[in-house]
file protein_26.txt (compact mmCIF, C-alpha atoms and all ligand atoms)
# COMPACT_ATOMS: atom_id res chain seq x y z
CA SER A 1 0.00 0.00 0.00
CA ARG A 2 1.04 3.58 -0.59
CA LYS A 3 2.46 5.47 2.41
CA ILE A 4 0.90 8.91 2.83
CA ILE A 5 0.94 11.90 5.18
CA ILE A 6 -2.28 13.95 5.19
CA ASP A 7 -1.85 17.70 5.73
CA THR A 8 -5.25 19.21 6.44
CA ASP A 9 -7.49 21.90 7.98
CA PRO A 10 -10.64 19.91 8.83
CA GLY A 11 -13.18 21.15 7.69
CA GLN A 12 -16.17 18.95 6.79
CA ASP A 13 -14.86 18.01 3.35
CA ASP A 14 -11.40 17.35 4.80
CA ALA A 15 -13.08 15.07 7.34
CA VAL A 16 -14.82 13.10 4.60
CA ALA A 17 -11.47 12.80 2.81
CA ILE A 18 -9.87 11.42 5.98
CA LEU A 19 -12.75 8.94 6.43
CA LEU A 20 -12.38 7.79 2.82
CA THR A 21 -8.66 7.24 3.45
CA LEU A 22 -9.10 5.36 6.70
CA ALA A 23 -11.68 3.13 5.01
CA SER A 24 -9.05 2.11 2.44
CA PRO A 25 -6.17 0.54 4.41
CA GLU A 26 -5.33 -1.93 1.65
CA GLU A 27 -4.34 0.88 -0.69
CA LEU A 28 -3.34 3.68 1.70
CA ASP A 29 -1.12 3.50 4.77
CA VAL A 30 -1.57 6.75 6.72
CA LEU A 31 1.64 7.49 8.60
CA GLY A 32 0.29 10.63 10.25
CA ILE A 33 -2.11 13.55 9.98
CA VAL A 34 -0.80 17.10 10.29
CA ALA A 35 -3.13 20.02 10.94
CA VAL A 36 -2.62 23.49 9.49
CA ALA A 37 -4.44 26.78 10.03
CA GLY A 38 -7.01 27.40 7.29
CA ASN A 39 -10.75 26.83 7.43
CA VAL A 40 -10.54 27.80 11.10
CA GLY A 41 -7.66 28.29 13.54
CA LEU A 42 -5.03 25.60 14.13
CA HIS A 43 -6.38 24.55 17.52
CA HIS A 44 -9.82 23.68 16.14
CA ASN A 45 -8.41 21.99 13.04
CA ALA A 46 -6.09 19.77 15.10
CA ASN A 47 -8.92 18.99 17.51
CA ASN A 48 -11.16 18.02 14.60
CA ALA A 49 -8.52 15.72 13.11
CA ARG A 50 -8.33 13.94 16.49
CA LYS A 51 -12.13 13.54 16.54
CA ILE A 52 -12.16 12.02 13.05
CA VAL A 53 -9.55 9.33 13.68
CA ALA A 54 -11.59 8.29 16.72
CA LEU A 55 -14.81 8.24 14.67
CA ALA A 56 -13.13 5.91 12.18
CA GLY A 57 -11.83 3.67 14.99
CA ARG A 58 -8.22 4.52 14.08
CA THR A 59 -6.82 6.03 17.28
CA ASP A 60 -3.46 4.47 16.30
CA ILE A 61 -2.87 7.27 13.76
CA PRO A 62 -0.77 10.11 15.20
CA VAL A 63 -2.06 13.66 14.81
CA TYR A 64 0.31 16.64 14.78
CA ALA A 65 -0.20 20.39 14.82
CA GLY A 66 1.77 22.40 12.27
CA CYS A 67 1.77 26.13 11.52
CA SER A 68 -0.79 28.43 13.10
CA ARG A 69 -0.58 31.13 10.43
CA PRO A 70 0.52 31.67 6.83
CA ILE A 71 4.14 32.54 6.07
CA ARG A 72 3.70 36.23 5.22
CA ARG A 73 0.04 37.09 5.74
CA ALA A 74 -2.62 37.31 8.40
CA LEU A 75 -4.76 34.16 8.52
CA VAL A 76 -8.01 34.27 6.51
CA THR A 77 -10.56 31.71 7.77
CA ALA A 78 -13.93 30.41 6.55
CA GLU A 79 -16.22 30.06 9.58
CA HIS A 80 -19.04 31.23 7.31
CA VAL A 81 -18.81 27.87 5.50
CA HIS A 82 -17.57 25.46 8.16
CA GLY A 83 -19.03 26.88 11.41
CA VAL A 84 -17.21 28.17 14.49
CA THR A 85 -15.52 24.82 15.24
CA GLY A 86 -14.70 24.15 11.58
CA LEU A 87 -16.62 20.89 11.84
CA ASP A 88 -20.13 22.01 12.73
CA GLY A 89 -22.93 19.56 11.91
CA PRO A 90 -22.40 16.21 13.67
CA ASP A 91 -22.30 15.82 17.43
CA LEU A 92 -18.87 14.22 17.88
CA PRO A 93 -17.32 13.53 21.30
CA GLU A 94 -14.31 15.58 22.39
CA PRO A 95 -11.15 13.73 21.33
CA THR A 96 -9.25 11.44 23.64
CA VAL A 97 -6.44 10.78 21.14
CA PRO A 98 -3.47 12.88 22.30
CA LEU A 99 -1.99 15.55 20.08
CA GLN A 100 1.64 14.61 19.34
CA GLU A 101 4.21 16.89 20.95
CA GLN A 102 6.47 17.25 17.91
CA HIS A 103 5.73 20.19 15.60
CA GLY A 104 4.02 19.02 12.40
CA VAL A 105 6.69 20.58 10.15
CA ASP A 106 9.46 18.67 11.94
CA TYR A 107 7.39 15.50 11.74
CA ILE A 108 7.12 15.89 7.95
CA ILE A 109 10.87 16.53 7.62
CA ASP A 110 11.95 13.68 9.91
CA THR A 111 9.59 11.19 8.30
CA LEU A 112 10.73 12.00 4.76
CA MET A 113 14.42 12.01 5.72
CA ALA A 114 14.17 8.65 7.50
CA ALA A 115 12.30 6.85 4.70
CA GLU A 116 13.59 5.49 1.41
CA PRO A 117 13.41 8.32 -1.17
CA GLY A 118 10.28 8.20 -3.32
CA THR A 119 8.18 6.19 -0.89
CA ILE A 120 6.02 8.84 0.83
CA THR A 121 3.20 10.81 -0.81
CA LEU A 122 2.01 14.08 0.71
CA CYS A 123 -1.74 14.66 0.45
CA THR A 124 -2.62 18.29 1.09
CA LEU A 125 -6.19 19.35 1.79
CA GLY A 126 -5.58 22.87 3.10
CA PRO A 127 -3.22 25.83 2.71
CA LEU A 128 0.34 24.75 1.88
CA THR A 129 2.08 26.43 4.83
CA ASN A 130 3.40 23.28 6.52
CA ILE A 131 4.82 21.80 3.33
CA ALA A 132 6.48 25.09 2.32
CA MET A 133 8.00 25.53 5.77
CA ALA A 134 9.32 21.96 5.68
CA LEU A 135 10.90 22.67 2.26
CA ILE A 136 12.51 25.85 3.61
CA LYS A 137 13.82 24.21 6.77
CA GLN A 138 15.11 21.08 5.01
CA PRO A 139 15.35 21.53 1.21
CA ALA A 140 16.63 17.94 0.86
CA ILE A 141 13.09 16.63 1.37
CA ALA A 142 12.07 17.82 -2.12
CA GLU A 143 13.75 14.95 -3.95
CA ARG A 144 12.56 12.40 -1.38
CA ILE A 145 8.83 13.13 -1.83
CA ALA A 146 7.17 10.50 -4.03
CA GLU A 147 4.43 12.92 -5.04
CA ILE A 148 2.36 15.82 -3.72
CA VAL A 149 -1.37 15.41 -4.39
CA MET A 150 -3.18 18.60 -3.50
CA MET A 151 -6.68 20.01 -3.46
CA GLY A 152 -6.26 23.60 -4.49
CA GLY A 153 -6.36 26.07 -7.30
CA ALA A 154 -8.68 26.56 -10.23
CA TYR A 155 -8.39 27.65 -13.79
CA PHE A 156 -11.60 27.51 -15.82
CA GLU A 157 -13.67 27.77 -12.62
CA VAL A 158 -11.47 30.64 -11.35
CA GLY A 159 -12.10 31.57 -7.69
CA ASN A 160 -14.22 30.75 -4.65
CA ILE A 161 -12.82 33.11 -1.99
CA THR A 162 -12.00 36.01 -4.32
CA PRO A 163 -13.03 36.31 -7.98
CA ALA A 164 -9.54 35.13 -8.93
CA ALA A 165 -8.40 32.71 -6.23
CA GLU A 166 -9.26 29.37 -4.66
CA PHE A 167 -9.26 29.31 -0.84
CA ASN A 168 -6.31 26.95 -0.10
CA ILE A 169 -4.00 28.89 -2.42
CA TYR A 170 -5.33 32.31 -1.39
CA VAL A 171 -4.74 31.76 2.32
CA ASP A 172 -1.00 31.24 1.81
CA PRO A 173 0.01 32.13 -1.76
CA GLU A 174 3.73 32.34 -0.91
CA ALA A 175 3.58 28.80 0.48
CA ALA A 176 1.82 27.56 -2.65
CA ASP A 177 4.45 29.27 -4.80
CA ILE A 178 7.27 27.54 -2.89
CA VAL A 179 5.59 24.13 -3.15
CA LEU A 180 4.85 24.43 -6.88
CA ARG A 181 8.50 25.26 -7.56
CA CYS A 182 9.98 22.50 -5.38
CA GLY A 183 10.56 20.00 -8.19
CA ALA A 184 8.61 17.07 -6.71
CA PRO A 185 5.89 15.51 -8.89
CA ILE A 186 2.58 17.32 -8.20
CA THR A 187 -1.01 16.42 -9.00
CA MET A 188 -3.55 19.21 -8.47
CA LEU A 189 -7.29 18.65 -7.93
CA PRO A 190 -8.69 22.16 -8.59
CA LEU A 191 -12.19 23.63 -8.41
CA ASP A 192 -12.53 22.62 -12.06
CA VAL A 193 -12.93 19.04 -10.80
CA THR A 194 -14.52 19.58 -7.39
CA HIS A 195 -17.35 21.65 -8.87
CA GLN A 196 -18.28 18.54 -10.89
CA ILE A 197 -18.38 16.24 -7.83
CA GLN A 198 -21.61 17.65 -6.40
CA SER A 199 -23.31 16.33 -3.29
CA THR A 200 -26.92 16.38 -4.49
CA PRO A 201 -29.87 15.55 -2.17
CA ASP A 202 -30.05 12.02 -3.66
CA ARG A 203 -26.39 11.38 -2.98
CA LEU A 204 -26.65 12.72 0.58
CA ALA A 205 -29.66 10.47 1.20
CA ALA A 206 -27.67 7.48 -0.05
CA MET A 207 -24.83 8.42 2.29
CA LEU A 208 -27.17 8.55 5.30
CA ALA A 209 -28.68 5.21 4.33
CA ILE A 210 -25.30 3.49 4.77
CA GLY A 211 -26.30 3.70 8.41
CA ASN A 212 -23.01 3.42 10.34
CA ASP A 213 -21.74 6.18 12.67
CA SER A 214 -19.09 7.41 10.22
CA ALA A 215 -21.54 7.75 7.33
CA LYS A 216 -24.13 9.43 9.55
CA ALA A 217 -21.50 11.93 10.74
CA ALA A 218 -20.32 12.54 7.17
CA HIS A 219 -23.92 13.18 6.17
CA ALA A 220 -24.40 15.67 9.03
CA MET A 221 -21.14 17.43 8.11
CA LEU A 222 -21.97 17.88 4.45
CA THR A 223 -25.56 18.87 5.21
CA PHE A 224 -24.14 21.68 7.36
CA SER A 225 -21.48 22.98 5.00
CA GLU A 226 -23.52 22.65 1.84
CA THR A 227 -26.21 25.03 3.05
CA PHE A 228 -23.79 27.85 2.43
CA ASP A 229 -22.60 26.51 -0.93
CA LEU A 230 -26.09 25.90 -2.30
CA ALA A 231 -27.08 29.47 -1.53
CA LYS A 232 -23.84 30.73 -3.09
CA TYR A 233 -23.93 28.79 -6.35
CA GLY A 234 -27.64 28.11 -6.82
CA TRP A 235 -26.84 24.58 -8.01
CA THR A 236 -28.74 21.44 -7.04
CA GLY A 237 -25.67 20.05 -5.28
CA ALA A 238 -22.70 21.56 -3.47
CA PRO A 239 -19.12 20.97 -4.59
CA LEU A 240 -17.18 18.36 -2.65
CA HIS A 241 -13.50 19.29 -2.64
CA ASP A 242 -10.92 17.45 -0.55
CA PRO A 243 -12.07 13.81 -0.99
CA THR A 244 -11.11 14.07 -4.68
CA VAL A 245 -7.44 13.88 -3.60
CA ILE A 246 -8.01 10.49 -2.01
CA ALA A 247 -10.29 9.28 -4.80
CA TRP A 248 -7.55 10.14 -7.29
CA LEU A 249 -5.07 7.99 -5.32
CA LEU A 250 -7.56 5.11 -5.13
CA CYS A 251 -9.02 5.29 -8.66
CA PRO A 252 -7.10 7.62 -10.99
CA GLU A 253 -9.20 6.33 -13.89
CA LEU A 254 -12.10 8.42 -12.55
CA PHE A 255 -10.20 11.57 -13.52
CA SER A 256 -8.50 13.15 -16.51
CA GLY A 257 -6.03 15.98 -16.82
CA ARG A 258 -2.78 17.07 -18.40
CA GLN A 259 0.74 18.05 -17.49
CA CYS A 260 0.97 21.88 -17.42
CA ASN A 261 2.94 24.75 -16.00
CA VAL A 262 1.13 26.18 -12.97
CA GLU A 263 2.31 29.29 -11.18
CA ILE A 264 0.83 31.44 -8.40
CA GLU A 265 0.20 35.19 -8.39
CA VAL A 266 1.89 36.61 -5.29
CA ALA A 267 2.14 40.33 -6.15
CA SER A 268 -1.15 41.77 -7.39
CA GLU A 269 -3.75 42.55 -4.73
CA LEU A 270 -6.57 42.13 -7.25
CA THR A 271 -5.61 38.60 -8.31
CA MET A 272 -3.59 37.50 -5.26
CA GLY A 273 -3.37 33.70 -5.07
CA MET A 274 -4.61 33.10 -8.59
CA THR A 275 -3.42 29.82 -10.12
CA VAL A 276 -2.14 30.64 -13.58
CA VAL A 277 -2.30 27.45 -15.63
CA ASP A 278 -0.59 27.23 -19.01
CA TYR A 279 -3.31 24.87 -20.18
CA TRP A 280 -2.70 25.42 -23.91
CA HIS A 281 1.11 25.35 -23.61
CA VAL A 282 1.61 28.88 -24.88
CA THR A 283 4.92 29.13 -23.01
CA HIS A 284 7.93 26.88 -22.59
CA ARG A 285 7.71 27.01 -18.82
CA ASP A 286 8.35 23.85 -16.86
CA ARG A 287 5.31 21.50 -16.86
CA ASN A 288 5.38 21.13 -13.09
CA VAL A 289 1.81 19.96 -12.41
CA ASN A 290 -0.54 17.18 -13.45
CA PHE A 291 -3.57 19.47 -13.62
CA ILE A 292 -6.82 17.49 -13.31
CA ARG A 293 -9.66 18.98 -15.30
CA ASN A 294 -12.53 16.45 -15.16
CA GLY A 295 -13.89 13.85 -12.75
CA ASP A 296 -16.58 11.17 -12.96
CA ALA A 297 -19.09 12.16 -10.24
CA ASP A 298 -21.13 8.94 -10.29
CA GLY A 299 -17.95 6.87 -10.13
CA PHE A 300 -16.63 9.03 -7.31
CA TYR A 301 -19.77 8.67 -5.17
CA ALA A 302 -19.95 4.91 -5.81
CA LEU A 303 -16.38 4.66 -4.48
CA LEU A 304 -17.10 6.91 -1.49
CA PHE A 305 -20.23 4.99 -0.46
CA ASP A 306 -18.55 1.61 -0.89
CA ARG A 307 -15.69 2.71 1.36
CA LEU A 308 -17.75 4.55 4.02
CA ALA A 309 -19.76 1.32 4.46
CA ARG A 310 -16.57 -0.38 5.71
CA LEU A 311 -16.15 2.00 8.67
CA PRO A 312 -17.60 1.71 12.18
C1 LIG A 401 -10.95 24.22 -0.09
O1 LIG A 401 -11.19 25.23 0.88
C2 LIG A 401 -11.65 24.66 2.07
O2 LIG A 401 -12.68 25.42 2.62
C3 LIG A 401 -12.06 23.26 1.75
O3 LIG A 401 -11.85 22.41 2.87
C4 LIG A 401 -11.18 22.89 0.59
O4 LIG A 401 -9.94 22.37 1.04
C5 LIG A 401 -11.83 24.47 -1.28
O5 LIG A 401 -11.55 25.69 -1.88
CA CA A 402 -9.58 21.72 3.34
call {"tool": "encode", "arguments": {"input": "protein_26.txt", "output": "structure tokens"}}
result
Amino acid sequence: SRKIIIDTDPGQDDAVAILLTLASPEELDVLGIVAVAGNVGLHHNANNARKIVALAGRTDIPVYAGCSRPIRRALVTAEHVHGVTGLDGPDLPEPTVPLQEQHGVDYIIDTLMAAEPGTITLCTLGPLTNIAMALIKQPAIAERIAEIVMMGGAYFEVGNITPAAEFNIYVDPEAADIVLRCGAPITMLPLDVTHQIQSTPDRLAAMLAIGNDSAKAAHAMLTFSETFDLAKYGWTGAPLHDPTVIAWLLCPELFSGRQCNVEIEVASELTMGMTVVDYWHVTHRDRNVNFIRNGDADGFYALLFDRLARLP
């Protein structure tokens, strides 16, 4: 199975991504989960990660706290989508799993440096602060990363926090810039895909009908966060973002994309955090990203439901 570290700011959709991962131990071996500031503050995000491993019956997975703010900017959060705790919706018990003492950035560095090069994949579901800080503190990790698979960015679907920028990139554009230039293989699951993977009322009903505690909690989470998204977009379903990272690892045939140059705007206030994708190869810039453009929503939800049914 593939060894992964999940870097995340849970977040209802992050939580569903973590549940999908923990339901797939044959394919994915989760070494650790590292929280980052994003949807809400670091304390809540780390607390939520600890609640989710307990929900999935996987208290053996260590949870770390990483950076509490972006590299250069004040933290922008999204309580308006995710609620005050970042995981409003289900009634989950306070976590008993301890938070690890080591800083999440040092955990990422030490784990990559101790492992055989090319054996650990980083899955990022939030702002890229922890990964960028790890690359700054120990540049030698870059060539040891098997792959970075990230939810973030947008090109044809442009922005969801500003007209030009996707939230995870916008929160820490300097971090995203550092990560995209690091030289490791990168796959990006942007809004272009996640806007296709909509949680419609039928799909949410099917999730609830699975009937176990994890699926019921996932249903309550998405019901909470999608209220905001449905009002915003006026679609029949809300986008589901972060679980696409895990679905891509499990079933890449559900997705299609192409190798492109992707760079981040870090200077203009108007378009700060924009992901500039050379989709038509009009430059000779380095094709640093496998940019995913389309996803099979029915196939995705069939996978998600099949896996959630395996959890407690
Ligand atoms: C991203 O922003 C967060 O609110 C979600 O968890 C997801 O990672 C989508 O833009
Ligand atoms: Ca997230």
call {"tool": "closest_residue", "arguments": {"input": "protein_26.txt", "among": "A:Ala49, A:Ala220, A:Ala297, A:Ala78", "to": "Ile161 in chain A", "atoms": "all atoms listed in the file"}}
result
A:Ala78
call {"tool": "residues_around", "arguments": {"input": "protein_26.txt", "residues": "Met207 in chain A", "least_positions_apart": "4", "cutoff": "10 Å", "atoms": "all atoms listed in the file", "output": "PyMOL selection string"}}
result
chain A and resi 199+201-203+211-212+214-220+301+304-306+308-309
call {"tool": "residues_near_ligand", "arguments": {"input": "protein_26.txt", "ligand": "ligand CA 402 (chain A)", "cutoff": "9 Å", "atoms": "all atoms listed in the file", "output": "ChimeraX atom specification"}}
result
/A:8-15,38-39,124-127,151-152,167-168,241-242
call {"tool": "closest_residue", "arguments": {"input": "protein_26.txt", "among": "A:Gly153, A:Pro252, A:Pro163, A:Pro70", "to": "ligand LIG 401 (chain A)", "atoms": "all atoms listed in the file"}}
result
A:Gly153
call {"tool": "closest_residue", "arguments": {"input": "protein_26.txt", "among": "A:Thr59, A:Gln100, A:Thr119, A:Gln198", "to": "Val34 in chain A", "atoms": "all atoms listed in the file"}}
result
A:Gln100
